Amino acid sequence: MKITFNSRQTTVKDSVKELVEKKLAKLDKYFDKEASASVTFSNKRNLECLEITISHNGTLFRSEVEDETYRDALDKSIDTIERQIRKNKTKLEKRLRKNAFDDAFNYETPASAPAIPDEEDAVVKVKSFNMKPMTVDEAILQMDLLGHMFFVFKNIDDGKTSVVYKRKDGYYGLICEAD
C-alpha cells in the first residue's frame with residue numbers, strides 16, 4: 001500500500017509515521033498493491049486529529065479521530081476502518097483482494113463519536129471530486145464506508161446526478177435530478 005503523509009499546522013515525528021506505516025501494513029491483507037492511503041495529521045481543539053483515507057479500486061475507506069495523542073487516534077482509526085470492512089464484508093468481497101476474509105474477526109470495537117463542527121453557519125471546507133457512474137447500491141455502500149449521512153453520485157442507469165441519504169428512521173432516501 002502506498003502511503004502519503006500530510007501535516008496541517010503541526011509537525012509529526014518520524015517515529016509516529018513509522019508506527020502508522022506498521023499499523024496500516026496490517027490492512028494489507030484486504031488490499032492489493034494498487035491501494036493507496038492518505039494520512040493527515042492536524043490539531044483541533046487542543047486534540048491531535050488523525051485522518052486516514054484508503055482508496056482501492058474506486059472504493060474509499062475513511063476514518064477521522066481526535067484524541068490526546070496520535071498513537072491513540074491511530075488505534076481507533078484502524079479499528080474504525082476494520083469495522084467498516086467487517087460490516088460490509090459481503091458487499092466488499094468482490095472489490096477487495098482475494099482471500100481477504102479468510103481469517104475471521106473475533107473482536108468488536110466501540111463506535112467512535114461523531115465530530116461536532118465549531119461553526120454551524122460558515123462553510124469551512126470545500127471539496128471537489130470526479131463522479132464515476134455507479135448504481136444506487138454502490139453509492140449507499142460508499143456513503144456507509146465514508147461514514148457520511150449523504151453521498152452525491154452519477155447514476156449509472158440514467159447518467160443524472162443523484163444524492164443518496166440516510167433517513168432518521170434508518171432507511172435510505174434518493175434524490176434525483178429532474179428530467
# chains A, B, ... in the order shown; residues from 1 in each chain; ligands from 1
$ select_by_dssp --residues "chain A" --states "alpha helix (DSSP H)" --output "PyMOL selection string"
chain A and resi 14-25+70-87+89-92+136-146
$ write_last_selection --atoms "N, CA and C atoms" --output "compact mmCIF listing (two decimals), in the first residue's frame"
# COMPACT_ATOMS: atom_id res chain seq x y z
N ASP A 14 9.12 11.27 13.09
CA ASP A 14 9.29 10.13 12.19
C ASP A 14 8.85 8.83 12.86
N SER A 15 9.00 8.74 14.17
CA SER A 15 8.59 7.51 14.87
C SER A 15 7.08 7.29 14.76
N VAL A 16 6.30 8.38 14.76
CA VAL A 16 4.85 8.26 14.61
C VAL A 16 4.51 7.83 13.19
N LYS A 17 5.22 8.38 12.20
CA LYS A 17 4.99 7.99 10.81
C LYS A 17 5.32 6.52 10.60
N GLU A 18 6.41 6.05 11.22
CA GLU A 18 6.78 4.64 11.12
C GLU A 18 5.71 3.75 11.76
N LEU A 19 5.15 4.21 12.88
CA LEU A 19 4.09 3.46 13.55
C LEU A 19 2.84 3.38 12.66
N VAL A 20 2.52 4.48 12.00
CA VAL A 20 1.38 4.49 11.08
C VAL A 20 1.61 3.49 9.96
N GLU A 21 2.80 3.48 9.38
CA GLU A 21 3.12 2.53 8.31
C GLU A 21 2.98 1.09 8.80
N LYS A 22 3.44 0.82 10.03
CA LYS A 22 3.37 -0.52 10.59
C LYS A 22 1.91 -0.93 10.80
N LYS A 23 1.10 -0.03 11.35
CA LYS A 23 -0.31 -0.35 11.62
C LYS A 23 -1.10 -0.51 10.31
N LEU A 24 -0.82 0.33 9.33
CA LEU A 24 -1.52 0.21 8.04
C LEU A 24 -1.12 -1.05 7.30
N ALA A 25 0.07 -1.55 7.57
CA ALA A 25 0.52 -2.79 6.93
C ALA A 25 -0.37 -3.96 7.34
N TYR A 70 -1.50 11.07 18.82
CA TYR A 70 -1.67 10.45 17.51
C TYR A 70 -1.68 8.93 17.62
N ARG A 71 -0.94 8.39 18.56
CA ARG A 71 -0.89 6.94 18.73
C ARG A 71 -2.27 6.38 19.11
N ASP A 72 -2.95 7.05 20.05
CA ASP A 72 -4.30 6.62 20.43
C ASP A 72 -5.28 6.79 19.28
N ALA A 73 -5.16 7.92 18.57
CA ALA A 73 -6.04 8.18 17.43
C ALA A 73 -5.81 7.14 16.34
N LEU A 74 -4.56 6.71 16.15
CA LEU A 74 -4.24 5.71 15.14
C LEU A 74 -4.92 4.39 15.45
N ASP A 75 -4.86 3.95 16.69
CA ASP A 75 -5.50 2.69 17.07
C ASP A 75 -7.01 2.74 16.79
N LYS A 76 -7.63 3.85 17.13
CA LYS A 76 -9.08 3.99 16.91
C LYS A 76 -9.39 4.06 15.42
N SER A 77 -8.54 4.72 14.65
CA SER A 77 -8.76 4.82 13.20
C SER A 77 -8.67 3.46 12.52
N ILE A 78 -7.66 2.69 12.87
CA ILE A 78 -7.50 1.35 12.29
C ILE A 78 -8.71 0.49 12.66
N ASP A 79 -9.16 0.57 13.92
CA ASP A 79 -10.34 -0.18 14.35
C ASP A 79 -11.58 0.23 13.55
N THR A 80 -11.73 1.54 13.30
CA THR A 80 -12.87 2.04 12.55
C THR A 80 -12.87 1.50 11.12
N ILE A 81 -11.72 1.52 10.47
CA ILE A 81 -11.64 1.02 9.09
C ILE A 81 -11.89 -0.48 9.05
N GLU A 82 -11.33 -1.23 10.00
CA GLU A 82 -11.60 -2.67 10.05
C GLU A 82 -13.07 -2.94 10.29
N ARG A 83 -13.71 -2.13 11.12
CA ARG A 83 -15.14 -2.29 11.39
C ARG A 83 -15.95 -2.02 10.12
N GLN A 84 -15.54 -1.02 9.34
CA GLN A 84 -16.22 -0.73 8.07
C GLN A 84 -16.11 -1.92 7.13
N ILE A 85 -14.94 -2.50 7.05
CA ILE A 85 -14.73 -3.65 6.18
C ILE A 85 -15.55 -4.84 6.67
N ARG A 86 -15.54 -5.08 7.98
CA ARG A 86 -16.27 -6.20 8.56
C ARG A 86 -17.78 -6.04 8.36
N LYS A 87 -18.28 -4.82 8.57
CA LYS A 87 -19.72 -4.54 8.45
C LYS A 87 -20.21 -4.77 7.02
N LYS A 89 -18.74 -6.72 4.69
CA LYS A 89 -17.95 -7.85 4.18
C LYS A 89 -18.52 -8.44 2.89
N THR A 90 -19.80 -8.76 2.88
CA THR A 90 -20.37 -9.44 1.71
C THR A 90 -20.38 -8.53 0.49
N LYS A 91 -20.59 -7.25 0.69
CA LYS A 91 -20.62 -6.32 -0.44
C LYS A 91 -19.21 -6.05 -0.96
N LEU A 92 -18.22 -6.17 -0.09
CA LEU A 92 -16.85 -5.82 -0.46
C LEU A 92 -16.04 -7.00 -1.00
N VAL A 136 -27.17 2.73 -7.34
CA VAL A 136 -27.63 3.25 -6.05
C VAL A 136 -27.04 2.42 -4.92
N ASP A 137 -26.98 1.10 -5.08
CA ASP A 137 -26.41 0.23 -4.05
C ASP A 137 -24.93 0.54 -3.80
N GLU A 138 -24.18 0.78 -4.88
CA GLU A 138 -22.77 1.15 -4.73
C GLU A 138 -22.63 2.48 -4.00
N ALA A 139 -23.52 3.43 -4.29
CA ALA A 139 -23.48 4.74 -3.64
C ALA A 139 -23.78 4.61 -2.14
N ILE A 140 -24.73 3.76 -1.79
CA ILE A 140 -25.05 3.53 -0.37
C ILE A 140 -23.87 2.90 0.33
N LEU A 141 -23.23 1.93 -0.30
CA LEU A 141 -22.04 1.31 0.27
C LEU A 141 -20.95 2.34 0.48
N GLN A 142 -20.70 3.18 -0.53
CA GLN A 142 -19.65 4.19 -0.44
C GLN A 142 -19.97 5.17 0.69
N MET A 143 -21.24 5.58 0.81
CA MET A 143 -21.65 6.50 1.87
C MET A 143 -21.40 5.88 3.24
N ASP A 144 -21.76 4.61 3.41
CA ASP A 144 -21.55 3.93 4.69
C ASP A 144 -20.07 3.80 5.01
N LEU A 145 -19.25 3.50 4.00
CA LEU A 145 -17.81 3.37 4.23
C LEU A 145 -17.18 4.69 4.64
N LEU A 146 -17.69 5.79 4.08
CA LEU A 146 -17.16 7.10 4.42
C LEU A 146 -17.72 7.61 5.74
$ residues_around --residues "segment 40-47 of chain A" --least-positions-apart "3" --cutoff "6 Å" --atoms "only C-alpha atoms" --output "list of chain:residue names"
A:Phe5, A:Asn6, A:Ser7, A:Arg8, A:Leu50, A:Glu51, A:Glu66, A:Asp67, A:Glu68
$ atom_distance --atom1 "atom CA of Ser36 of chain A" --atom2 "atom CA of Lys2 of chain A"
4.6 Å
$ closest_residue --among "A:Gly147, A:Ile175, A:Ile52, A:Lys154" --to "Val39 of chain A" --atoms "only C-alpha atoms"
A:Ile52
$ residues_around --residues "Met131 of chain A" --least-positions-apart "3" --cutoff "12 Å" --atoms "only C-alpha atoms" --output "list in words"
Gly58, Ser128, Met134, Thr135, Ala139, Phe151, Val152, Phe153, Lys154, Asn155, Ile156, Gly159, Lys160, Thr161, Ser162 and Val163 of chain A
$ write_last_selection --atoms "all heavy atoms" --output "short mmCIF file (atom, residue, chain, number, x, y, z; two decimals), in the first residue's frame"
data_model
loop_
_atom_site.label_atom_id
_atom_site.label_comp_id
_atom_site.auth_asym_id
_atom_site.auth_seq_id
_atom_site.Cartn_x
_atom_site.Cartn_y
_atom_site.Cartn_z
N GLY A 58 -11.53 2.33 -6.63
CA GLY A 58 -12.65 3.27 -6.64
C GLY A 58 -13.47 3.30 -5.38
O GLY A 58 -14.44 4.05 -5.28
N SER A 128 -14.03 18.99 -4.06
CA SER A 128 -14.42 18.70 -5.43
C SER A 128 -13.87 17.33 -5.78
O SER A 128 -12.81 16.94 -5.29
CB SER A 128 -13.90 19.76 -6.39
OG SER A 128 -12.49 19.77 -6.37
N MET A 134 -22.20 5.05 -10.95
CA MET A 134 -22.38 3.89 -10.08
C MET A 134 -23.86 3.65 -9.83
O MET A 134 -24.68 4.52 -10.08
CB MET A 134 -21.63 4.07 -8.76
CG MET A 134 -22.05 5.25 -7.91
SD MET A 134 -21.16 5.38 -6.33
CE MET A 134 -19.50 5.68 -6.85
N THR A 135 -24.15 2.47 -9.34
CA THR A 135 -25.54 2.13 -9.01
C THR A 135 -25.89 2.73 -7.66
O THR A 135 -25.01 3.16 -6.89
CB THR A 135 -25.73 0.61 -8.95
OG1 THR A 135 -24.96 0.09 -7.87
CG2 THR A 135 -25.34 -0.06 -10.26
N ALA A 139 -23.52 3.43 -4.29
CA ALA A 139 -23.48 4.74 -3.64
C ALA A 139 -23.78 4.61 -2.14
O ALA A 139 -23.13 5.26 -1.31
CB ALA A 139 -24.46 5.69 -4.30
N PHE A 151 -24.51 11.04 0.07
CA PHE A 151 -23.46 10.81 -0.91
C PHE A 151 -23.97 11.24 -2.28
O PHE A 151 -25.04 10.82 -2.71
CB PHE A 151 -23.05 9.33 -0.93
CG PHE A 151 -21.86 9.04 -1.80
CD1 PHE A 151 -20.58 9.34 -1.36
CD2 PHE A 151 -22.02 8.49 -3.05
CE1 PHE A 151 -19.48 9.08 -2.17
CE2 PHE A 151 -20.93 8.22 -3.86
CZ PHE A 151 -19.66 8.53 -3.41
N VAL A 152 -23.20 12.07 -2.96
CA VAL A 152 -23.55 12.56 -4.30
C VAL A 152 -22.84 11.66 -5.32
O VAL A 152 -21.65 11.39 -5.19
CB VAL A 152 -23.10 14.02 -4.49
CG1 VAL A 152 -23.46 14.51 -5.89
CG2 VAL A 152 -23.71 14.92 -3.43
N PHE A 153 -23.60 11.23 -6.34
CA PHE A 153 -23.01 10.34 -7.34
C PHE A 153 -23.73 10.51 -8.67
O PHE A 153 -24.80 11.12 -8.75
CB PHE A 153 -23.10 8.88 -6.89
CG PHE A 153 -24.50 8.33 -6.83
CD1 PHE A 153 -24.98 7.50 -7.83
CD2 PHE A 153 -25.35 8.65 -5.78
CE1 PHE A 153 -26.26 7.00 -7.79
CE2 PHE A 153 -26.64 8.14 -5.72
CZ PHE A 153 -27.10 7.33 -6.73
N LYS A 154 -23.12 9.98 -9.73
CA LYS A 154 -23.74 9.97 -11.05
C LYS A 154 -24.36 8.60 -11.25
O LYS A 154 -23.66 7.58 -11.21
CB LYS A 154 -22.71 10.26 -12.14
CG LYS A 154 -23.34 10.41 -13.53
CD LYS A 154 -22.33 10.89 -14.53
CE LYS A 154 -22.06 12.35 -14.24
NZ LYS A 154 -21.53 13.12 -15.31
N ASN A 155 -25.69 8.57 -11.42
CA ASN A 155 -26.41 7.31 -11.54
C ASN A 155 -26.06 6.63 -12.86
O ASN A 155 -26.18 7.22 -13.93
CB ASN A 155 -27.92 7.56 -11.45
CG ASN A 155 -28.70 6.31 -11.19
OD1 ASN A 155 -28.36 5.24 -11.68
ND2 ASN A 155 -29.75 6.43 -10.40
N ILE A 156 -25.63 5.38 -12.77
CA ILE A 156 -25.20 4.64 -13.95
C ILE A 156 -26.38 4.35 -14.88
O ILE A 156 -26.21 4.20 -16.09
CB ILE A 156 -24.48 3.34 -13.55
CG1 ILE A 156 -23.62 2.82 -14.69
CG2 ILE A 156 -25.45 2.29 -13.06
CD1 ILE A 156 -22.62 1.76 -14.29
N GLY A 159 -27.47 8.44 -15.97
CA GLY A 159 -26.41 9.45 -16.14
C GLY A 159 -26.66 10.75 -15.41
O GLY A 159 -25.92 11.71 -15.59
N LYS A 160 -27.69 10.80 -14.56
CA LYS A 160 -28.03 12.03 -13.86
C LYS A 160 -27.34 12.08 -12.49
O LYS A 160 -27.05 11.05 -11.89
CB LYS A 160 -29.54 12.13 -13.67
CG LYS A 160 -30.29 12.28 -14.97
CD LYS A 160 -31.77 12.41 -14.72
CE LYS A 160 -32.51 12.57 -16.04
NZ LYS A 160 -33.96 12.68 -15.81
N THR A 161 -27.11 13.30 -12.03
CA THR A 161 -26.55 13.49 -10.70
C THR A 161 -27.63 13.17 -9.68
O THR A 161 -28.76 13.65 -9.78
CB THR A 161 -26.06 14.94 -10.52
OG1 THR A 161 -25.09 15.21 -11.53
CG2 THR A 161 -25.46 15.14 -9.15
N SER A 162 -27.28 12.35 -8.69
CA SER A 162 -28.23 11.91 -7.67
C SER A 162 -27.58 12.01 -6.30
O SER A 162 -26.36 12.05 -6.18
CB SER A 162 -28.67 10.48 -7.92
OG SER A 162 -29.27 10.34 -9.18
N VAL A 163 -28.42 12.01 -5.27
CA VAL A 163 -27.94 12.03 -3.89
C VAL A 163 -28.67 10.92 -3.14
O VAL A 163 -29.90 10.84 -3.17
CB VAL A 163 -28.23 13.38 -3.20
CG1 VAL A 163 -27.79 13.35 -1.74
CG2 VAL A 163 -27.57 14.53 -3.93
#
$ atom_distance --atom1 "atom CA of Ile3 of chain A" --atom2 "atom CA of Ala37 of chain A"
4.7 Å
